[in-house]
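See below for structure.cif, which holds mmCIF, C-alpha atoms.
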data_model
loop_
_atom_site.label_atom_id
_atom_site.label_comp_id
_atom_site.auth_asym_id
_atom_site.auth_seq_id
_atom_site.Cartn_x
_atom_site.Cartn_y
_atom_site.Cartn_z
CA MET A 162 0.00 0.00 0.00
CA ILE A 163 1.22 3.48 -0.88
CA GLN A 164 0.31 4.87 2.54
CA THR A 165 2.65 2.49 4.32
CA GLU A 166 5.71 3.52 2.31
CA THR A 167 8.16 5.66 4.24
CA ASP A 168 9.70 8.83 2.83
CA GLU A 169 13.00 6.98 2.61
CA GLN A 170 11.48 4.23 0.48
CA LEU A 171 9.81 6.80 -1.78
CA VAL A 172 13.08 8.72 -2.14
CA ARG A 173 14.94 5.54 -3.08
CA LYS A 174 12.33 4.66 -5.69
CA SER A 175 12.33 8.23 -7.02
CA GLN A 176 16.08 7.97 -7.44
CA GLU A 177 15.41 4.93 -9.64
CA ASP A 178 13.11 7.05 -11.86
CA ASP A 179 9.85 5.85 -10.28
CA GLU A 180 7.61 8.82 -11.17
CA ARG A 181 4.76 7.55 -9.01
CA ALA A 182 7.00 7.58 -5.94
CA PHE A 183 8.07 11.16 -6.57
CA GLY A 184 4.42 12.13 -7.10
CA GLU A 185 3.61 10.64 -3.71
CA LEU A 186 6.34 12.73 -2.08
CA VAL A 187 4.88 15.82 -3.75
CA SER A 188 1.41 14.95 -2.44
CA ARG A 189 2.75 14.51 1.07
CA TYR A 190 4.65 17.79 1.19
CA GLU A 191 3.12 20.29 -1.22
CA SER A 192 0.69 21.84 1.24
CA LYS A 193 3.45 22.13 3.86
CA VAL A 194 5.80 23.72 1.36
CA TYR A 195 3.12 26.15 0.19
CA SER A 196 2.20 27.02 3.76
CA LEU A 197 5.82 27.73 4.76
CA ALA A 198 6.37 29.84 1.64
CA LEU A 199 3.20 31.80 2.29
CA LYS A 200 4.16 32.43 5.90
CA MET A 201 7.53 33.74 4.81
CA LEU A 202 6.41 35.78 1.81
CA ARG A 203 2.84 36.77 2.77
CA ASN A 204 1.82 36.70 -0.87
CA PRO A 205 -0.04 33.79 -2.56
CA GLU A 206 1.54 34.29 -6.02
CA ASP A 207 5.05 34.30 -4.60
CA ALA A 208 4.20 31.27 -2.45
CA GLU A 209 3.07 29.40 -5.54
CA ASP A 210 6.27 30.33 -7.38
CA VAL A 211 8.28 28.96 -4.47
CA LEU A 212 6.19 25.79 -4.43
CA GLN A 213 6.87 25.14 -8.11
CA ASP A 214 10.53 26.08 -7.82
CA THR A 215 10.98 23.82 -4.78
CA PHE A 216 9.60 20.68 -6.40
CA LEU A 217 11.37 21.35 -9.68
CA ARG A 218 14.65 21.59 -7.79
CA ALA A 219 13.78 18.48 -5.79
CA TYR A 220 12.88 16.58 -8.96
CA ARG A 221 16.11 17.59 -10.64
CA GLY A 222 18.20 16.96 -7.53
CA ILE A 223 16.64 13.83 -6.05
CA LYS A 224 19.42 11.58 -7.34
CA SER A 225 22.05 13.62 -5.55
CA PHE A 226 20.09 13.55 -2.27
CA LYS A 227 22.31 11.42 -0.03
CA GLY A 228 19.91 11.00 2.85
CA ASN A 229 22.16 12.76 5.37
CA SER A 230 19.05 14.56 6.55
CA THR A 231 15.41 13.51 6.31
CA PHE A 232 13.50 14.28 3.13
CA SER A 233 11.32 16.76 5.04
CA THR A 234 14.39 18.70 6.22
CA TRP A 235 15.77 18.68 2.69
CA ILE A 236 12.55 19.93 1.12
CA TYR A 237 12.13 22.59 3.81
CA ARG A 238 15.70 23.72 3.14
CA ILE A 239 14.99 24.15 -0.57
CA THR A 240 11.78 26.02 0.27
CA ALA A 241 13.46 28.33 2.78
CA ASN A 242 16.28 29.13 0.34
CA SER A 243 13.92 29.78 -2.54
CA ALA A 244 11.80 32.07 -0.35
CA LEU A 245 14.91 33.85 0.92
CA MET A 246 16.05 34.58 -2.64
CA ARG A 247 12.66 36.12 -3.42
CA LEU A 248 12.73 38.17 -0.23
CA ARG A 249 16.15 39.52 -1.11
CA LYS A 250 15.00 40.41 -4.63
CA ARG A 251 12.08 42.41 -3.39
CA GLN A 252 14.09 43.71 -0.46
CA LEU A 253 12.15 46.49 1.16
CA PRO A 254 14.08 49.20 2.96
CA THR A 255 14.66 47.14 6.09
CA VAL A 256 17.86 47.32 8.10
CA SER A 257 20.58 44.78 7.39
CA ILE A 258 21.02 41.88 9.77
CA ASP A 259 24.23 43.43 11.13
CA ASP A 260 22.48 46.62 12.13
CA ALA A 261 19.32 44.90 13.10
CA ASP A 262 19.79 44.86 16.84
CA GLU A 263 19.60 48.60 17.22
CA ARG A 264 16.68 49.82 19.26
CA GLU A 265 15.45 46.53 20.53
CA ALA A 266 14.03 48.18 23.61
CA PRO A 267 10.30 48.72 23.17
CA ILE A 268 8.88 52.22 23.22
CA ASN A 269 6.43 51.62 25.99
CA ILE A 270 5.60 48.04 26.74
CA ALA A 271 3.56 49.00 29.78
CA ASP A 272 0.87 50.37 27.45
CA TRP A 273 0.40 47.01 25.86
CA ALA A 274 -2.72 45.51 27.38
CA PRO A 275 -3.02 41.95 26.14
CA GLY A 276 -6.20 39.97 26.65
CA PRO A 277 -7.02 36.38 25.72
CA VAL A 278 -5.34 35.42 22.44
CA GLU A 279 -8.63 34.52 20.71
CA GLN A 280 -10.07 37.98 21.49
CA MET A 281 -6.97 39.78 20.26
CA LEU A 282 -6.69 37.94 16.96
CA ASN A 283 -9.02 40.09 14.91
CA GLN A 284 -8.33 41.11 11.30
CA GLU A 285 -6.68 44.35 12.31
CA THR A 286 -4.31 42.62 14.70
CA GLN A 287 -3.43 40.02 12.09
CA ALA A 288 -2.61 42.82 9.65
CA ALA A 289 -0.32 44.36 12.28
CA MET A 290 1.28 40.95 12.85
CA THR A 291 1.89 40.58 9.12
CA GLU A 292 3.48 44.03 8.98
CA ALA A 293 5.70 43.13 11.91
CA ILE A 294 6.98 40.03 10.08
CA GLU A 295 7.48 41.96 6.86
CA ALA A 296 9.66 44.50 8.65
CA LEU A 297 12.12 41.79 9.70
CA PRO A 298 15.33 41.33 7.70
CA PRO A 299 14.95 38.15 5.57
CA GLU A 300 17.39 36.07 7.64
CA PHE A 301 15.47 36.89 10.83
CA ARG A 302 12.18 36.24 9.15
CA GLN A 303 13.25 32.73 8.13
CA VAL A 304 14.14 31.80 11.69
CA PHE A 305 11.05 33.42 13.22
CA VAL A 306 8.64 31.71 10.82
CA LEU A 307 10.23 28.28 11.14
CA ARG A 308 10.52 28.45 14.92
CA ASP A 309 7.53 30.44 16.16
CA ILE A 310 4.94 29.85 13.46
CA GLU A 311 5.88 26.42 12.12
CA GLU A 312 6.89 25.45 15.67
CA LEU A 313 10.01 23.51 14.67
CA SER A 314 12.74 22.98 17.24
CA ASN A 315 15.94 25.06 17.32
CA ALA A 316 17.87 21.99 16.15
CA GLU A 317 15.52 21.43 13.20
CA VAL A 318 15.72 25.09 12.18
CA ALA A 319 19.50 24.95 12.43
CA GLU A 320 19.61 21.90 10.16
CA ILE A 321 17.24 23.42 7.60
CA LEU A 322 19.08 26.72 7.45
CA ASP A 323 22.55 25.23 7.83
CA LEU A 324 23.26 27.35 10.89
CA SER A 325 24.55 26.51 14.35
CA VAL A 326 21.91 26.14 17.07
CA ALA A 327 23.52 29.12 18.83
CA ALA A 328 23.05 31.27 15.71
CA VAL A 329 19.39 30.20 15.49
CA LYS A 330 18.81 31.11 19.13
CA SER A 331 20.48 34.48 18.69
CA ARG A 332 18.52 35.39 15.55
CA LEU A 333 15.30 34.10 17.08
CA HIS A 334 15.70 36.21 20.18
CA ARG A 335 16.42 39.36 18.19
CA ALA A 336 13.56 38.64 15.79
CA ARG A 337 11.12 38.10 18.66
CA LEU A 338 12.10 41.39 20.28
CA LYS A 339 11.70 43.27 17.02
CA VAL A 340 8.31 41.75 16.30
CA ARG A 341 7.17 42.33 19.88
CA ASN A 342 8.27 45.97 19.74
CA ARG A 343 6.25 46.59 16.59
CA LEU A 344 3.23 44.96 18.15
CA ALA A 345 3.75 46.95 21.33
CA THR A 346 3.69 50.14 19.28
CA TYR A 347 0.52 48.97 17.56
CA PHE A 348 -1.24 47.98 20.79
CA SER A 349 -0.23 51.18 22.55
CA GLU A 350 -1.92 53.38 19.92
CA PRO A 351 -5.28 54.68 21.10
CA ARG A 352 -8.09 52.49 19.74
CA THR A 353 -9.68 55.37 17.83
CA ARG A 354 -6.41 56.14 16.02
CA ARG A 355 -5.92 52.46 15.23
CA ALA A 356 -9.44 52.24 13.83
CA MET A 357 -8.86 55.33 11.66
CA GLY A 358 -5.57 53.93 10.43
CA ALA A 359 -7.28 50.71 9.44
CA GLN A 360 -9.76 52.45 7.14
CA MET B 35 20.71 38.71 41.49
CA MET B 36 20.71 38.94 37.69
CA THR B 37 20.67 42.36 36.08
CA CYS B 38 17.78 43.44 33.84
CA LYS B 39 20.12 43.27 30.82
CA GLU B 40 21.03 39.67 31.63
CA VAL B 41 17.38 38.77 32.10
CA LEU B 42 16.42 40.32 28.77
CA GLU B 43 19.22 38.44 26.99
CA SER B 44 18.06 35.11 28.42
CA LEU B 45 14.33 35.69 27.98
CA SER B 46 13.91 33.64 24.80
CA GLY B 47 15.79 30.71 26.32
CA TYR B 48 13.62 31.00 29.43
CA LEU B 49 10.40 30.97 27.37
CA ASP B 50 11.66 27.96 25.39
CA GLU B 51 12.61 26.15 28.63
CA ASP B 52 16.12 26.01 27.31
CA LEU B 53 18.08 27.30 30.32
CA LYS B 54 20.00 25.56 33.08
CA GLN B 55 18.01 25.07 36.26
CA ASP B 56 20.01 27.55 38.37
CA LEU B 57 19.47 30.24 35.74
CA VAL B 58 15.74 29.48 35.66
CA VAL B 59 15.54 30.00 39.40
CA GLU B 60 17.38 33.33 39.08
CA MET B 61 15.14 34.45 36.22
CA LYS B 62 11.98 33.57 38.17
CA LYS B 63 13.24 35.46 41.17
CA HIS B 64 14.04 38.57 39.11
CA ILE B 65 10.82 38.57 37.10
CA GLY B 66 8.87 38.17 40.33
CA VAL B 67 10.14 41.48 41.70
CA CYS B 68 11.02 43.61 38.64
CA THR B 69 8.01 45.23 36.98
CA GLU B 70 9.86 46.10 33.77
CA CYS B 71 11.22 42.60 33.23
CA ARG B 72 7.82 41.19 34.10
CA ALA B 73 6.34 43.33 31.30
CA GLU B 74 9.10 42.17 28.95
CA PHE B 75 8.29 38.57 29.84
CA ASP B 76 4.50 39.01 29.48
CA THR B 77 4.63 40.82 26.15
CA LEU B 78 7.16 38.43 24.62
CA THR B 79 5.06 35.48 25.79
CA MET B 80 1.95 37.05 24.26
CA THR B 81 3.78 37.77 20.99
CA ILE B 82 4.74 34.11 20.62
CA LYS B 83 1.20 32.98 21.56
CA LEU B 84 -0.32 35.29 18.97
CA TYR B 85 1.88 33.97 16.18
CA ARG B 86 1.20 30.37 17.14
CA HIS B 87 -2.49 31.12 16.50
CA PHE B 88 -1.78 33.02 13.29
CA GLU B 89 -3.95 31.66 10.50
CA THR B 90 -2.57 30.82 7.07
CA PRO B 91 -4.92 30.05 4.18
CA GLU B 92 -4.92 26.53 2.74
CA MET B 93 -3.28 25.86 -0.60
CA PRO B 94 -5.84 26.43 -3.37
CA THR B 95 -6.73 23.39 -5.51
CA ASP B 96 -5.80 25.12 -8.77
CA CYS B 97 -2.36 25.74 -7.29
CA HIS B 98 -1.96 21.96 -6.95
CA ASP B 99 -3.11 21.48 -10.55
CA ARG B 100 -0.56 23.97 -11.87
CA GLN B 101 2.14 22.33 -9.77
CA VAL B 102 1.36 18.95 -11.38
CA LYS B 103 1.55 20.53 -14.85
CA VAL B 104 4.94 22.11 -14.16
CA LEU B 105 6.36 18.74 -13.13
CA GLU B 106 4.84 17.03 -16.14
CA LEU B 107 6.44 19.57 -18.45
CA GLU B 108 9.75 18.92 -16.74
CA LYS B 109 9.35 15.17 -17.22
CA MET B 110 8.58 15.69 -20.92
CA ARG B 111 11.55 18.00 -21.25
CA ARG B 112 13.78 15.43 -19.60
CA SER B 113 12.61 12.61 -21.82
CA GLY B 114 13.02 14.85 -24.86
CA LYS B 115 9.39 14.65 -25.87
CA GLY B 116 8.39 18.24 -25.40
CA ALA B 117 9.55 21.81 -25.26
#
Output the file's structure as structure tokens, nothing else.
Amino acid sequence: MIQTETDEQLVRKSQEDDERAFGELVSRYESKVYSLALKMLRNPEDAEDVLQDTFLRAYRGIKSFKGNSTFSTWIYRITANSALMRLRKRQLPTVSIDDADEREAPINIADWAPGPVEQMLNQETQAAMTEAIEALPPEFRQVFVLRDIEELSNAEVAEILDLSVAAVKSRLHRARLKVRNRLATYFSEPRTRRAMGAQ
Amino acid sequence: MMTCKEVLESLSGYLDEDLKQDLVVEMKKHIGVCTECRAEFDTLTMTIKLYRHFETPEMPTDCHDRQVKVLELEKMRRSGKGA
């Protein structure tokens, strides 16, 4: 039965030109790849481009995949790299990663009045959350999305991005502070001003 | 007693339960008495919670269909049957 085949078995068969096996790997991972790309790029067209690019690269490169990592790590790595290239191309005027730790102290965190998560997650807040991610330098965004949205472990993120665990932790911490500071600014605006800004 | 700067630097590790036990005890002690670090802790915790509930739309079906076509074109190209 197809369902009982492991990724490793499917990879091996794909390496022997079994098109069905590669198709099964695509079916297993395409929604995950699309979801990760969308979380990183926040744009459905770009996410679809990354999806297609990822599986084309995987198809072309499957024979050279040595199995030193799992297939899921490998495919996530291709996805993260493809998304990173697109982010760099459309690089908005964000600060570089080297300068990115300036002003990590929030403006006024005491004004942030969080309630239950479900109550806070309205459309307006989600738009502010998206903006906060978009303001991150691409290398920080990769780590933040993989760790805090995809909920992978530090070790998994390190393997996907080919970084040390210490580097992941450092980028994650700085990314979290930056995102939090932007949200703090958003939440500390008077409600009426926020509502007007949302129109 | 840890300084506020030290607490802030270790906050992510603390939230991820990735610190040595003696440091955890120190962090707890500091956050228990320092209003500013407590606010740092609360807001960073809330930030992570918010993003863990962040919704992402599902992949559209036509996106899957186009993906299949792209791979089929590549297979044809590889076997020399198509452009």
Using all atoms listed in the file for the distances, tell me which of A:Ala293, A:Ala336, A:Ile310, A:Leu212 is nearest to Arg100 in chain B.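 Among A:Ala293, A:Ala336, A:Ile310, A:Leu212, it is A:Leu212 that comes nearest to Arg100 in chain B.
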Target residues per the PyMOL selection byres ((chain B and resi 68-73) around 9), formatted as an MDAnalysis selection string: (chainID A and resid 270:271 273) or (chainID B and resid 38 41:42 63:67 74:78)
Would you export the selected residues with C-alpha atoms as a short mmCIF file (atom, residue, chain, number, x, y, z; two decimals), keeping the file's coordinate frame, please?
data_model
loop_
_atom_site.label_atom_id
_atom_site.label_comp_id
_atom_site.auth_asym_id
_atom_site.auth_seq_id
_atom_site.Cartn_x
_atom_site.Cartn_y
_atom_site.Cartn_z
CA ILE A 270 5.60 48.04 26.74
CA ALA A 271 3.56 49.00 29.78
CA TRP A 273 0.40 47.01 25.86
CA CYS B 38 17.78 43.44 33.84
CA VAL B 41 17.38 38.77 32.10
CA LEU B 42 16.42 40.32 28.77
CA LYS B 63 13.24 35.46 41.17
CA HIS B 64 14.04 38.57 39.11
CA ILE B 65 10.82 38.57 37.10
CA GLY B 66 8.87 38.17 40.33
CA VAL B 67 10.14 41.48 41.70
CA GLU B 74 9.10 42.17 28.95
CA PHE B 75 8.29 38.57 29.84
CA ASP B 76 4.50 39.01 29.48
CA THR B 77 4.63 40.82 26.15
CA LEU B 78 7.16 38.43 24.62
#
Mind listing as a PyMOL selection string which residues of chain B are within 9 Å of chain A, counting all atoms listed in the file? chain B and resi 43-47+70+73-74+76-78+80-93+97-98+100-102+104-105+108-109
Report as a PyMOL selection string all protein, DNA and RNA residues lying within 12 Å of Glu295 in chain A, evaluated on only C-alpha atoms, omitting residues in the same chain fewer than 3 positions from it. chain A and resi 199-204+248+251-256+288-292+298-303+305-306+336+339-340+343
Give me the residues near Val318 in chain A as number ranges by chain, where near means some atom within 8 Å (using all atoms listed in the file) and where sequence neighbours in that chain fewer than 5 positions away do not count. A: 304, 307-308, 313, 324, 326, 329
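Look at Leu171 in chain A: the protein and nucleic acid residues within 10 Å of it, using all atoms listed in the file and passing over chain neighbours fewer than 6 places away, are Ile163, Glu177, Asp179, Glu180, Arg181, Ala182, Phe183, Gly184, Glu185, Leu186 and Phe232 of chain A.
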Computed gap from CA of Ser175 in chain A to CA of Leu107 in chain B is 17.1 Å
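The environment of Lys227 in chain A within 10 Å, counting only C-alpha atoms and disregarding residues fewer than 4 places along the same chain, consists of Val172, Arg173, Ile223, Thr231 and Phe232 of chain A.
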In Å, how far is it from CA of Glu169 in chain A to CA of Gly222 in chain A? 15.1 Å
Suppose you want the space between CA of Ser113 in chain B and CA of Asp207 in chain A; what is it in Å?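 Straight-line distance from CA of Ser113 in chain B to CA of Asp207 in chain A works out to 28.7 Å.
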Counting all atoms listed in the file, the residue of A:Lys174, A:Tyr347, A:Ile239, A:Arg249 that sits nearest Arg218 in chain A: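 Once distances to Arg218 in chain A are computed over all atoms listed in the file, the minimum belongs to A:Ile239.
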